[in-house]
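data28.json follows; it contains JSON, C-alpha atoms.
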[["chain", "number", "residue", "atom", "x", "y", "z"],
["A", 5, "MET", "CA", 30.09, -29.16, 30.00],
["A", 6, "ASP", "CA", 29.38, -25.49, 30.50],
["A", 7, "THR", "CA", 31.66, -23.35, 32.62],
["A", 8, "LYS", "CA", 29.48, -23.51, 35.69],
["A", 9, "THR", "CA", 29.31, -27.32, 35.77],
["A", 10, "THR", "CA", 33.03, -27.63, 35.09],
["A", 11, "ASN", "CA", 33.82, -25.27, 37.92],
["A", 12, "ILE", "CA", 31.59, -27.09, 40.38],
["A", 13, "VAL", "CA", 33.29, -30.39, 39.50],
["A", 14, "LEU", "CA", 36.72, -28.80, 39.95],
["A", 15, "ILE", "CA", 35.79, -27.38, 43.35],
["A", 16, "ILE", "CA", 34.52, -30.79, 44.46],
["A", 17, "LEU", "CA", 37.90, -32.26, 43.44],
["A", 18, "VAL", "CA", 39.69, -29.66, 45.57],
["A", 19, "VAL", "CA", 37.49, -30.54, 48.55],
["A", 20, "ILE", "CA", 38.37, -34.22, 48.08],
["A", 21, "ILE", "CA", 42.09, -33.39, 48.00],
["A", 22, "ALA", "CA", 41.68, -31.50, 51.28],
["A", 23, "ILE", "CA", 39.60, -34.19, 53.01],
["A", 24, "LEU", "CA", 41.68, -37.20, 51.95],
["A", 25, "PRO", "CA", 44.59, -36.56, 54.37],
["A", 26, "LEU", "CA", 42.11, -36.01, 57.19],
["A", 27, "LEU", "CA", 40.69, -39.49, 56.55],
["A", 28, "MET", "CA", 44.12, -41.09, 56.05],
["A", 29, "TYR", "CA", 45.36, -39.82, 59.40],
["A", 30, "GLY", "CA", 41.99, -39.88, 61.14],
["A", 31, "GLY", "CA", 42.23, -39.57, 64.92],
["A", 32, "LEU", "CA", 45.79, -38.31, 64.81],
["A", 33, "GLY", "CA", 46.60, -34.75, 65.71],
["A", 34, "GLU", "CA", 49.24, -32.24, 66.58],
["A", 35, "ASP", "CA", 50.27, -34.18, 69.68],
["A", 36, "GLU", "CA", 51.24, -37.15, 67.52],
["A", 37, "GLY", "CA", 53.14, -34.86, 65.16],
["A", 38, "TYR", "CA", 50.50, -34.62, 62.46],
["A", 39, "PHE", "CA", 49.11, -31.63, 60.57],
["A", 40, "GLY", "CA", 51.83, -29.22, 61.64],
["A", 41, "GLY", "CA", 52.99, -26.63, 59.14],
["A", 42, "SER", "CA", 55.82, -27.41, 56.72],
["A", 43, "ASP", "CA", 57.33, -23.94, 57.32],
["A", 44, "GLY", "CA", 57.67, -24.75, 61.01],
["A", 45, "ALA", "CA", 59.06, -28.22, 60.23],
["A", 46, "ALA", "CA", 61.81, -26.60, 58.14],
["A", 47, "GLY", "CA", 62.54, -24.20, 61.00],
["A", 48, "ASP", "CA", 62.85, -27.12, 63.42],
["A", 49, "ALA", "CA", 65.19, -28.96, 61.04],
["A", 50, "ILE", "CA", 67.43, -25.89, 60.89],
["A", 51, "GLU", "CA", 67.45, -25.45, 64.65],
["A", 52, "GLU", "CA", 68.38, -29.11, 65.09],
["A", 53, "SER", "CA", 71.66, -28.39, 63.33],
["A", 54, "GLY", "CA", 72.49, -25.94, 66.12],
["A", 55, "TYR", "CA", 71.65, -22.74, 64.24],
["A", 56, "GLU", "CA", 70.19, -19.93, 66.29],
["A", 57, "PRO", "CA", 67.94, -17.40, 64.54],
["A", 58, "TRP", "CA", 69.59, -13.99, 64.69],
["A", 59, "PHE", "CA", 66.44, -11.96, 64.43],
["A", 60, "SER", "CA", 62.89, -12.47, 65.62],
["A", 61, "SER", "CA", 59.60, -10.90, 64.66],
["A", 62, "PHE", "CA", 58.75, -7.52, 66.21],
["A", 63, "TRP", "CA", 55.26, -8.73, 66.90],
["A", 64, "GLU", "CA", 53.61, -12.11, 66.97],
["A", 65, "PRO", "CA", 49.94, -12.94, 67.31],
["A", 66, "PRO", "CA", 49.65, -13.53, 71.08],
["A", 67, "SER", "CA", 47.51, -16.66, 70.65],
["A", 68, "GLY", "CA", 46.18, -19.12, 68.11],
["A", 69, "GLU", "CA", 42.86, -17.28, 68.26],
["A", 70, "ILE", "CA", 44.38, -13.98, 67.22],
["A", 71, "GLU", "CA", 46.36, -15.71, 64.50],
["A", 72, "SER", "CA", 43.22, -17.29, 63.07],
["A", 73, "LEU", "CA", 41.55, -13.87, 63.21],
["A", 74, "LEU", "CA", 44.26, -12.39, 61.04],
["A", 75, "PHE", "CA", 44.30, -15.32, 58.63],
["A", 76, "ALA", "CA", 40.54, -15.05, 58.26],
["A", 77, "LEU", "CA", 40.96, -11.33, 57.64],
["A", 78, "GLN", "CA", 43.52, -12.03, 54.94],
["A", 79, "ALA", "CA", 41.18, -14.45, 53.18],
["A", 80, "ALA", "CA", 38.22, -12.10, 53.61],
["A", 81, "ILE", "CA", 40.03, -9.15, 52.03],
["A", 82, "GLY", "CA", 40.94, -11.28, 49.05],
["A", 83, "ALA", "CA", 37.50, -12.81, 48.66],
["A", 84, "LEU", "CA", 35.84, -9.40, 48.93],
["A", 85, "ILE", "CA", 37.91, -7.97, 46.08],
["A", 86, "ILE", "CA", 37.36, -11.00, 43.84],
["A", 87, "GLY", "CA", 33.62, -11.02, 44.54],
["A", 88, "TYR", "CA", 33.30, -7.30, 43.96],
["A", 89, "PHE", "CA", 34.89, -7.34, 40.52],
["A", 90, "PHE", "CA", 33.21, -10.51, 39.28],
["A", 91, "GLY", "CA", 29.89, -9.07, 40.38],
["A", 92, "LEU", "CA", 30.67, -5.83, 38.60],
["A", 93, "TRP", "CA", 31.67, -7.62, 35.39],
["A", 94, "ARG", "CA", 28.56, -9.74, 35.48],
["A", 95, "GLY", "CA", 26.39, -6.65, 35.85],
["A", 96, "GLN", "CA", 28.16, -4.96, 32.96],
["A", 97, "LYS", "CA", 27.70, -8.01, 30.78],
["A", 98, "ASN", "CA", 23.97, -8.25, 31.58],
["A", 99, "LYS", "CA", 23.55, -4.60, 30.72],
["A", 100, "GLU", "CA", 25.26, -5.06, 27.37],
["A", 101, "ASN", "CA", 22.94, -7.90, 26.39],
["B", 26, "MET", "CA", 57.71, -21.65, 51.57],
["B", 27, "HIS", "CA", 57.95, -18.98, 54.24],
["B", 28, "ILE", "CA", 61.46, -18.97, 55.58],
["B", 29, "MET", "CA", 60.95, -17.82, 59.15],
["B", 30, "GLU", "CA", 62.25, -14.56, 60.55],
["B", 31, "GLY", "CA", 65.95, -14.79, 61.36],
["B", 32, "PHE", "CA", 66.30, -18.27, 59.86],
["B", 33, "LEU", "CA", 68.69, -17.27, 57.09],
["B", 34, "PRO", "CA", 72.22, -16.07, 57.86],
["B", 35, "PRO", "CA", 72.59, -12.32, 57.10],
["B", 36, "MET", "CA", 74.76, -12.90, 54.03],
["B", 37, "TRP", "CA", 72.04, -15.01, 52.41],
["B", 38, "CYS", "CA", 69.32, -12.52, 53.35],
["B", 39, "LEU", "CA", 71.32, -9.85, 51.58],
["B", 40, "LEU", "CA", 71.95, -11.95, 48.48],
["B", 41, "TRP", "CA", 68.24, -12.73, 47.96],
["B", 42, "PHE", "CA", 67.34, -9.08, 48.46],
["B", 43, "ILE", "CA", 69.91, -8.04, 45.87],
["B", 44, "LEU", "CA", 68.50, -10.56, 43.39],
["B", 45, "SER", "CA", 64.85, -9.73, 44.10],
["B", 46, "ILE", "CA", 64.85, -5.93, 44.26],
["B", 47, "PRO", "CA", 65.55, -5.27, 40.54],
["B", 48, "VAL", "CA", 62.71, -7.59, 39.53],
["B", 49, "VAL", "CA", 60.27, -5.89, 41.90],
["B", 50, "VAL", "CA", 61.33, -2.45, 40.62],
["B", 51, "TYR", "CA", 60.87, -3.61, 37.03],
["B", 52, "GLY", "CA", 57.48, -5.02, 38.05],
["B", 53, "ILE", "CA", 56.38, -1.64, 39.41],
["B", 54, "ILE", "CA", 57.39, 0.03, 36.13],
["B", 55, "LYS", "CA", 55.50, -2.63, 34.20],
["B", 56, "ILE", "CA", 52.38, -2.14, 36.32],
["B", 57, "LYS", "CA", 52.43, 1.56, 35.46],
["B", 58, "LYS", "CA", 52.81, 0.79, 31.79],
["B", 59, "VAL", "CA", 50.13, -1.87, 31.50],
["B", 60, "THR", "CA", 47.54, 0.07, 33.51],
["B", 61, "GLU", "CA", 48.15, 3.15, 31.35],
["B", 62, "GLU", "CA", 47.85, 1.20, 28.12],
["B", 63, "ILE", "CA", 44.86, -0.88, 29.18],
["B", 64, "PRO", "CA", 43.02, 0.90, 32.02],
["B", 65, "GLU", "CA", 40.67, -2.06, 32.52],
["B", 66, "SER", "CA", 43.63, -4.14, 33.58],
["B", 67, "LYS", "CA", 43.64, -2.36, 36.96],
["B", 68, "ALA", "CA", 40.66, -4.42, 38.10],
["B", 69, "LEU", "CA", 42.36, -7.57, 36.85],
["B", 70, "LEU", "CA", 45.49, -6.64, 38.77],
["B", 71, "ALA", "CA", 43.44, -6.23, 41.95],
["B", 72, "VAL", "CA", 41.82, -9.62, 41.38],
["B", 73, "SER", "CA", 45.22, -11.26, 40.80],
["B", 74, "GLY", "CA", 46.53, -9.84, 44.06],
["B", 75, "ALA", "CA", 43.35, -10.82, 45.86],
["B", 76, "PHE", "CA", 43.59, -14.37, 44.52],
["B", 77, "MET", "CA", 47.08, -14.60, 46.00],
["B", 78, "PHE", "CA", 45.76, -13.25, 49.30],
["B", 79, "VAL", "CA", 43.07, -15.93, 49.48],
["B", 80, "LEU", "CA", 45.12, -18.89, 48.30],
["B", 81, "SER", "CA", 48.14, -18.21, 50.48],
["B", 82, "SER", "CA", 45.88, -18.01, 53.54],
["B", 83, "LEU", "CA", 44.48, -21.50, 52.97],
["B", 84, "LYS", "CA", 46.57, -23.91, 54.98],
["B", 85, "LEU", "CA", 45.61, -27.31, 53.70],
["B", 86, "PRO", "CA", 46.44, -30.78, 54.98],
["B", 87, "SER", "CA", 48.51, -32.95, 52.69],
["B", 88, "VAL", "CA", 48.89, -36.71, 52.27],
["B", 89, "THR", "CA", 52.27, -36.52, 54.04],
["B", 90, "GLY", "CA", 50.42, -35.64, 57.24],
["B", 91, "SER", "CA", 51.63, -32.08, 57.46],
["B", 92, "CYS", "CA", 50.04, -28.84, 56.32],
["B", 93, "SER", "CA", 51.07, -26.25, 53.80],
["B", 94, "HIS", "CA", 49.47, -23.61, 51.66],
["B", 95, "PRO", "CA", 49.11, -22.83, 47.96],
["B", 96, "THR", "CA", 50.75, -19.69, 46.61],
["B", 97, "GLY", "CA", 48.23, -18.22, 44.18],
["B", 98, "ASN", "CA", 51.09, -16.95, 42.04],
["B", 99, "GLY", "CA", 50.27, -18.75, 38.77],
["B", 100, "PHE", "CA", 47.16, -16.69, 38.00],
["B", 101, "GLY", "CA", 48.83, -13.28, 38.14],
["B", 102, "ALA", "CA", 51.96, -14.61, 36.44],
["B", 103, "VAL", "CA", 50.02, -15.85, 33.42],
["B", 104, "ILE", "CA", 48.09, -12.60, 33.06],
["B", 105, "PHE", "CA", 50.77, -10.02, 33.83],
["B", 106, "GLY", "CA", 54.08, -11.88, 33.75],
["B", 107, "PRO", "CA", 56.50, -12.72, 36.57],
["B", 108, "ALA", "CA", 57.79, -9.20, 37.30],
["B", 109, "VAL", "CA", 54.35, -7.79, 38.08],
["B", 110, "THR", "CA", 53.59, -10.87, 40.17],
["B", 111, "SER", "CA", 56.68, -10.21, 42.29],
["B", 112, "VAL", "CA", 55.10, -6.88, 43.33],
["B", 113, "LEU", "CA", 51.86, -8.65, 44.29],
["B", 114, "ALA", "CA", 53.83, -11.27, 46.20],
["B", 115, "ILE", "CA", 55.75, -8.70, 48.20],
["B", 116, "ILE", "CA", 52.45, -7.18, 49.39],
["B", 117, "VAL", "CA", 51.14, -10.55, 50.52],
["B", 118, "LEU", "CA", 54.44, -11.51, 52.15],
["B", 119, "LEU", "CA", 54.69, -8.17, 53.99],
["B", 120, "PHE", "CA", 51.17, -8.58, 55.36],
["B", 121, "GLN", "CA", 52.04, -12.05, 56.62],
["B", 122, "ALA", "CA", 55.47, -11.09, 57.97],
["B", 123, "VAL", "CA", 54.25, -8.05, 59.90],
["B", 124, "LEU", "CA", 50.82, -9.15, 61.12],
["B", 125, "LEU", "CA", 51.14, -12.92, 61.34],
["B", 126, "ALA", "CA", 54.83, -13.43, 62.12],
["B", 127, "HIS", "CA", 54.67, -15.76, 59.14],
["B", 128, "GLY", "CA", 57.84, -15.43, 57.14],
["B", 129, "GLY", "CA", 59.85, -12.38, 58.07],
["B", 130, "LEU", "CA", 61.36, -9.07, 57.13],
["B", 131, "THR", "CA", 64.94, -10.37, 57.05],
["B", 132, "THR", "CA", 63.84, -13.30, 54.88],
["B", 133, "LEU", "CA", 61.52, -11.19, 52.70],
["B", 134, "GLY", "CA", 64.02, -11.08, 49.84],
["B", 135, "ALA", "CA", 64.37, -14.86, 49.83],
["B", 136, "ASN", "CA", 60.62, -15.42, 50.08],
["B", 137, "VAL", "CA", 59.88, -12.95, 47.28],
["B", 138, "PHE", "CA", 62.48, -14.72, 45.18],
["B", 139, "SER", "CA", 60.71, -18.09, 45.53],
["B", 140, "MET", "CA", 57.02, -17.10, 45.59],
["B", 141, "GLY", "CA", 57.24, -13.89, 43.57],
["B", 142, "ILE", "CA", 59.91, -14.62, 40.99],
["B", 143, "VAL", "CA", 60.88, -18.26, 40.35],
["B", 144, "GLY", "CA", 57.37, -19.72, 40.79],
["B", 145, "PRO", "CA", 55.70, -17.06, 38.62],
["B", 146, "PHE", "CA", 58.44, -17.28, 35.99],
["B", 147, "VAL", "CA", 57.94, -21.03, 35.68],
["B", 148, "ALA", "CA", 54.14, -20.61, 35.58],
["B", 149, "TRP", "CA", 54.38, -17.96, 32.88],
["B", 150, "ALA", "CA", 56.81, -20.01, 30.76],
["B", 151, "VAL", "CA", 54.70, -23.18, 31.09],
["B", 152, "TYR", "CA", 51.57, -21.27, 30.08],
["B", 153, "LYS", "CA", 53.16, -19.66, 27.05],
["B", 154, "GLY", "CA", 54.61, -22.99, 25.96],
["B", 155, "ILE", "CA", 51.35, -24.92, 26.20],
["B", 156, "VAL", "CA", 49.01, -22.29, 24.81],
["B", 157, "LYS", "CA", 51.19, -21.89, 21.74],
["B", 158, "SER", "CA", 50.41, -25.45, 20.73],
["B", 159, "LYS", "CA", 46.72, -24.54, 20.46],
["B", 160, "ILE", "CA", 45.74, -26.34, 23.64],
["B", 161, "SER", "CA", 42.88, -24.75, 25.59],
["B", 162, "SER", "CA", 43.97, -21.97, 27.93],
["B", 163, "SER", "CA", 42.14, -23.67, 30.83],
["B", 164, "ILE", "CA", 44.38, -26.72, 30.54],
["B", 165, "ALA", "CA", 47.45, -24.55, 30.11],
["B", 166, "ILE", "CA", 46.70, -22.55, 33.23],
["B", 167, "PHE", "CA", 46.26, -25.72, 35.28],
["B", 168, "PHE", "CA", 49.81, -26.79, 34.52],
["B", 169, "ALA", "CA", 51.09, -23.24, 34.90],
["B", 170, "ALA", "CA", 49.63, -22.92, 38.40],
["B", 171, "PHE", "CA", 50.71, -26.46, 39.35],
["B", 172, "PHE", "CA", 54.34, -25.89, 38.42],
["B", 173, "GLY", "CA", 54.34, -22.31, 39.73],
["B", 174, "ASP", "CA", 53.26, -23.59, 43.13],
["B", 175, "LEU", "CA", 55.61, -26.58, 43.19],
["B", 176, "MET", "CA", 58.65, -24.67, 41.96],
["B", 177, "THR", "CA", 58.10, -22.03, 44.64],
["B", 178, "TYR", "CA", 58.63, -24.71, 47.27],
["B", 179, "VAL", "CA", 61.50, -26.35, 45.39],
["B", 180, "THR", "CA", 63.18, -22.93, 45.35],
["B", 181, "THR", "CA", 62.74, -22.58, 49.11],
["B", 182, "SER", "CA", 64.33, -26.01, 49.54],
["B", 183, "PHE", "CA", 67.31, -24.92, 47.43],
["B", 184, "GLN", "CA", 67.63, -21.68, 49.38],
["B", 185, "LEU", "CA", 67.72, -23.52, 52.70],
["B", 186, "ALA", "CA", 70.08, -26.22, 51.42],
["B", 187, "LEU", "CA", 72.46, -23.52, 50.17],
["B", 188, "ALA", "CA", 72.41, -21.73, 53.52],
["B", 189, "PHE", "CA", 72.57, -24.93, 55.59],
["B", 190, "PRO", "CA", 74.58, -27.53, 53.64],
["B", 191, "ASP", "CA", 74.60, -29.81, 56.63],
["B", 192, "PRO", "CA", 76.25, -32.30, 56.29],
["B", 193, "THR", "CA", 76.37, -31.85, 52.51],
["B", 194, "PHE", "CA", 74.39, -29.66, 50.10],
["B", 195, "GLU", "CA", 72.80, -32.73, 48.48],
["B", 196, "GLY", "CA", 71.81, -34.31, 51.77],
["B", 197, "SER", "CA", 70.37, -31.05, 53.00],
["B", 198, "LEU", "CA", 68.48, -30.50, 49.75],
["B", 199, "ILE", "CA", 66.89, -33.94, 49.99],
["B", 200, "LYS", "CA", 65.86, -33.17, 53.58],
["B", 201, "PHE", "CA", 64.20, -29.85, 52.71],
["B", 202, "LEU", "CA", 62.63, -31.21, 49.51],
["B", 203, "GLY", "CA", 61.16, -33.95, 51.71],
["B", 204, "ILE", "CA", 59.66, -31.35, 54.02],
["B", 205, "PHE", "CA", 58.38, -28.98, 51.35],
["B", 206, "ALA", "CA", 58.11, -30.46, 47.88],
["B", 207, "ILE", "CA", 56.45, -33.80, 48.62],
["B", 208, "THR", "CA", 53.88, -32.19, 50.91],
["B", 209, "GLN", "CA", 53.21, -29.67, 48.19],
["B", 210, "ILE", "CA", 52.33, -32.02, 45.31],
["B", 211, "PRO", "CA", 48.63, -32.54, 46.18],
["B", 212, "LEU", "CA", 48.33, -28.87, 47.16],
["B", 213, "ALA", "CA", 49.80, -27.82, 43.84],
["B", 214, "ILE", "CA", 47.12, -29.92, 42.13],
["B", 215, "ALA", "CA", 44.48, -28.15, 44.27],
["B", 216, "GLU", "CA", 45.99, -24.80, 43.35],
["B", 217, "GLY", "CA", 45.93, -25.76, 39.66],
["B", 218, "LEU", "CA", 42.24, -26.67, 39.88],
["B", 219, "LEU", "CA", 41.29, -23.49, 41.75],
["B", 220, "THR", "CA", 43.19, -21.39, 39.23],
["B", 221, "VAL", "CA", 41.23, -23.06, 36.42],
["B", 222, "VAL", "CA", 38.01, -22.17, 38.28],
["B", 223, "ILE", "CA", 38.81, -18.46, 38.44],
["B", 224, "TRP", "CA", 40.24, -18.54, 34.89],
["B", 225, "ASN", "CA", 37.03, -20.06, 33.51],
["B", 226, "ALA", "CA", 34.96, -17.47, 35.34],
["B", 227, "LEU", "CA", 37.17, -14.71, 33.96],
["B", 228, "LYS", "CA", 36.97, -16.09, 30.44],
["B", 229, "ASP", "CA", 33.20, -15.96, 30.77],
["B", 230, "ALA", "CA", 33.03, -12.50, 32.28],
["B", 231, "LYS", "CA", 35.79, -10.63, 30.45],
["B", 232, "PRO", "CA", 36.84, -12.46, 27.28],
["B", 233, "LYS", "CA", 37.82, -9.25, 25.52],
["B", 234, "ILE", "CA", 40.45, -8.17, 27.98],
["B", 235, "LEU", "CA", 42.09, -11.59, 27.78],
["B", 236, "GLU", "CA", 42.24, -11.21, 24.01],
["B", 237, "LYS", "CA", 43.65, -7.73, 24.39],
["B", 238, "LEU", "CA", 46.37, -9.03, 26.69],
["B", 239, "ASN", "CA", 47.03, -11.73, 24.09],
["B", 240, "LEU", "CA", 46.44, -14.58, 26.52],
["B", 241, "LEU", "CA", 44.16, -17.01, 24.76],
["B", 242, "SER", "CA", 45.18, -19.80, 22.41],
["B", 243, "SER", "CA", 44.62, -19.03, 18.75],
["B", 244, "LYS", "CA", 41.66, -21.43, 18.73],
["B", 245, "GLU", "CA", 39.84, -19.51, 21.44],
["B", 246, "VAL", "CA", 40.31, -16.04, 20.01],
["B", 247, "GLY", "CA", 37.07, -14.86, 18.46],
["B", 248, "ALA", "CA", 35.21, -17.93, 19.71],
["B", 249, "SER", "CA", 33.85, -15.88, 22.59],
["B", 250, "LYS", "CA", 31.80, -13.65, 20.27]]

Final structure tokens representation of the file:
Amino acid sequence: MDTKTTNIVLIILVVIIAILPLLMYGGLGEDEGYFGGSDGAAGDAIEESGYEPWFSSFWEPPSGEIESLLFALQAAIGALIIGYFFGLWRGQKNKEN
Amino acid sequence: MHIMEGFLPPMWCLLWFILSIPVVVYGIIKIKKVTEEIPESKALLAVSGAFMFVLSSLKLPSVTGSCSHPTGNGFGAVIFGPAVTSVLAIIVLLFQAVLLAHGGLTTLGANVFSMGIVGPFVAWAVYKGIVKSKISSSIAIFFAAFFGDLMTYVTTSFQLALAFPDPTFEGSLIKFLGIFAITQIPLAIAEGLLTVVIWNALKDAKPKILEKLNLLSSKEVGASK
């Protein structure tokens, strides 16, 4: 298999890994205690033992919308840089040939 | 793997800072050195950081019914080593702590230790071990990224069990491993696969720099010509 085909197969596998849990727990959601974050679950477990956090964030995204904005921004910055350099390298390689 | 702001007692925050800071400082020195020796590696450094940015923003569902995210630390660790990766990790973790209230400033030392030091160290060691036995670098980097991701979360579980040995350290460790490590297994596989994707693309686009950084297995060297 050439690189391109291999990579497409690998990406399809990743998509399957991401979709599988959605099918397994189809119809269930946050209200039933599904698909919450593991970081938060650890925080809850600690608080259950009676521990009180001694410091809290200076600023928190005021809503889920704002949070998703910033997460999308994070992914976009990363994707932009990766795309830029791979495009550049491809151009350089074409020029060499 | 993000320990939330204020969720580690001050003594533990301090300890993880003390352990992490020297590695980050060494990483900064190493970045200077490698970019001076091989100027082209600057672009590769940017891509490694960017890969971490993308992967750690992807919160994926897992078969345990909760969500978590990959770390993206295996890629940079294999290319530049764990110390340099700790510098990349601190940038990502600062962004998330300040803008997203994800992780925290007090827990930054602990989070850098897991995602920027232990995970990358394991990834780097696994890669070196496998590639030495003449196995393809693509296979080696899959296992490197898989274990780098998983060990990051195992480290977080240890950190929390040490700080909250309630009722016992072992019991607490099992509880946190249950929350983090089990959820992480399928995501670590996904991270491994995605790291192979970018690795293959890199091997296609820039084989020479990978040879220069001495990263390919002896079988692959020269094969790219």

Would you mind listing, for every residue of chain B within 6 Å of chain A, the two atoms forming the shortest contact and the distance between them in Å to one decimal, using only C-alpha atoms, sorted by chain and ascending residue number, as JSON lines?
{"residue": "B:His27", "atom": "CA", "partner": "A:Asp43", "partner_atom": "CA", "distance": 5.9}
{"residue": "B:Glu30", "atom": "CA", "partner": "A:Ser60", "partner_atom": "CA", "distance": 5.5}
{"residue": "B:Gly31", "atom": "CA", "partner": "A:Phe59", "partner_atom": "CA", "distance": 4.2}
{"residue": "B:Phe32", "atom": "CA", "partner": "A:Pro57", "partner_atom": "CA", "distance": 5.0}
{"residue": "B:Val72", "atom": "CA", "partner": "A:Ile86", "partner_atom": "CA", "distance": 5.3}
{"residue": "B:Ala75", "atom": "CA", "partner": "A:Gly82", "partner_atom": "CA", "distance": 4.0}
{"residue": "B:Phe78", "atom": "CA", "partner": "A:Gly82", "partner_atom": "CA", "distance": 5.2}
{"residue": "B:Val79", "atom": "CA", "partner": "A:Ala79", "partner_atom": "CA", "distance": 4.4}
{"residue": "B:Ser82", "atom": "CA", "partner": "A:Ala79", "partner_atom": "CA", "distance": 5.9}
{"residue": "B:Ser87", "atom": "CA", "partner": "A:Pro25", "partner_atom": "CA", "distance": 5.6}
{"residue": "B:Val88", "atom": "CA", "partner": "A:Pro25", "partner_atom": "CA", "distance": 4.8}
{"residue": "B:Gly90", "atom": "CA", "partner": "A:Tyr38", "partner_atom": "CA", "distance": 5.3}
{"residue": "B:Ser91", "atom": "CA", "partner": "A:Phe39", "partner_atom": "CA", "distance": 4.0}
{"residue": "B:Cys92", "atom": "CA", "partner": "A:Gly41", "partner_atom": "CA", "distance": 4.6}
{"residue": "B:Ser93", "atom": "CA", "partner": "A:Gly41", "partner_atom": "CA", "distance": 5.7}
{"residue": "B:Ala126", "atom": "CA", "partner": "A:Glu64", "partner_atom": "CA", "distance": 5.2}
{"residue": "B:Ala215", "atom": "CA", "partner": "A:Val18", "partner_atom": "CA", "distance": 5.2}
{"residue": "B:Leu218", "atom": "CA", "partner": "A:Leu14", "partner_atom": "CA", "distance": 5.9}
{"residue": "B:Val222", "atom": "CA", "partner": "A:Asn11", "partner_atom": "CA", "distance": 5.2}
{"residue": "B:Ala230", "atom": "CA", "partner": "A:Trp93", "partner_atom": "CA", "distance": 5.9}

### Query
For the point (58.6, -13.2, 48.7) in file coordinates, what residues are within 12 Å, counting all atoms listed in the file? Give the answer as an NGL selection string?
:B and (26-29 or 38 or 41-42 or 44-46 or 48-49 or 77 or 81 or 96 or 98 or 110-122 or 127-145 or 177-178 or 180-181)

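For the pair atom CA of Trp149 of chain B and atom CA of Ser162 of chain B, the interatomic distance is 12.2 Å.
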
### Message
Every residue with an atom at most 10 Å from (47.4, -23.5, 24.9) (file coordinates; only C-alpha atoms) is what I'm after, so could you write them as a list in words?
### Response
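The distance filter leaves exactly Val151, Tyr152, Lys153, Gly154, Ile155, Val156, Lys157, Ser158, Lys159, Ile160, Ser161, Ser162, Ser163, Ile164, Ala165, Ile166, Leu240, Leu241, Ser242, Ser243, Lys244 and Glu245 of chain B.
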
#### Entry: Å distance separating atom CA of Ile234 of chain B from atom CA of Ala213 of chain B, one decimal place
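So the answer is 26.9 Å.
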
Axis-aligned box for segment 181-193 of chain B, 8 Å per side, centre and edges in Å as AutoDock Vina command-line options:
--center_x 69.6 --center_y -27.0 --center_z 52.0 --size_x 29.6 --size_y 26.6 --size_z 25.2

### Å distance separating atom CA of Leu83 of chain B from atom CA of Leu124 of chain B, one decimal place
16.1 Å

#### Entry: Selection near Gly196 of chain B, 12 Å with all atoms listed in the file, sequence-local residues under 3 positions removed, as number ranges by chain
B: 182-183, 185-187, 189-193, 199-203
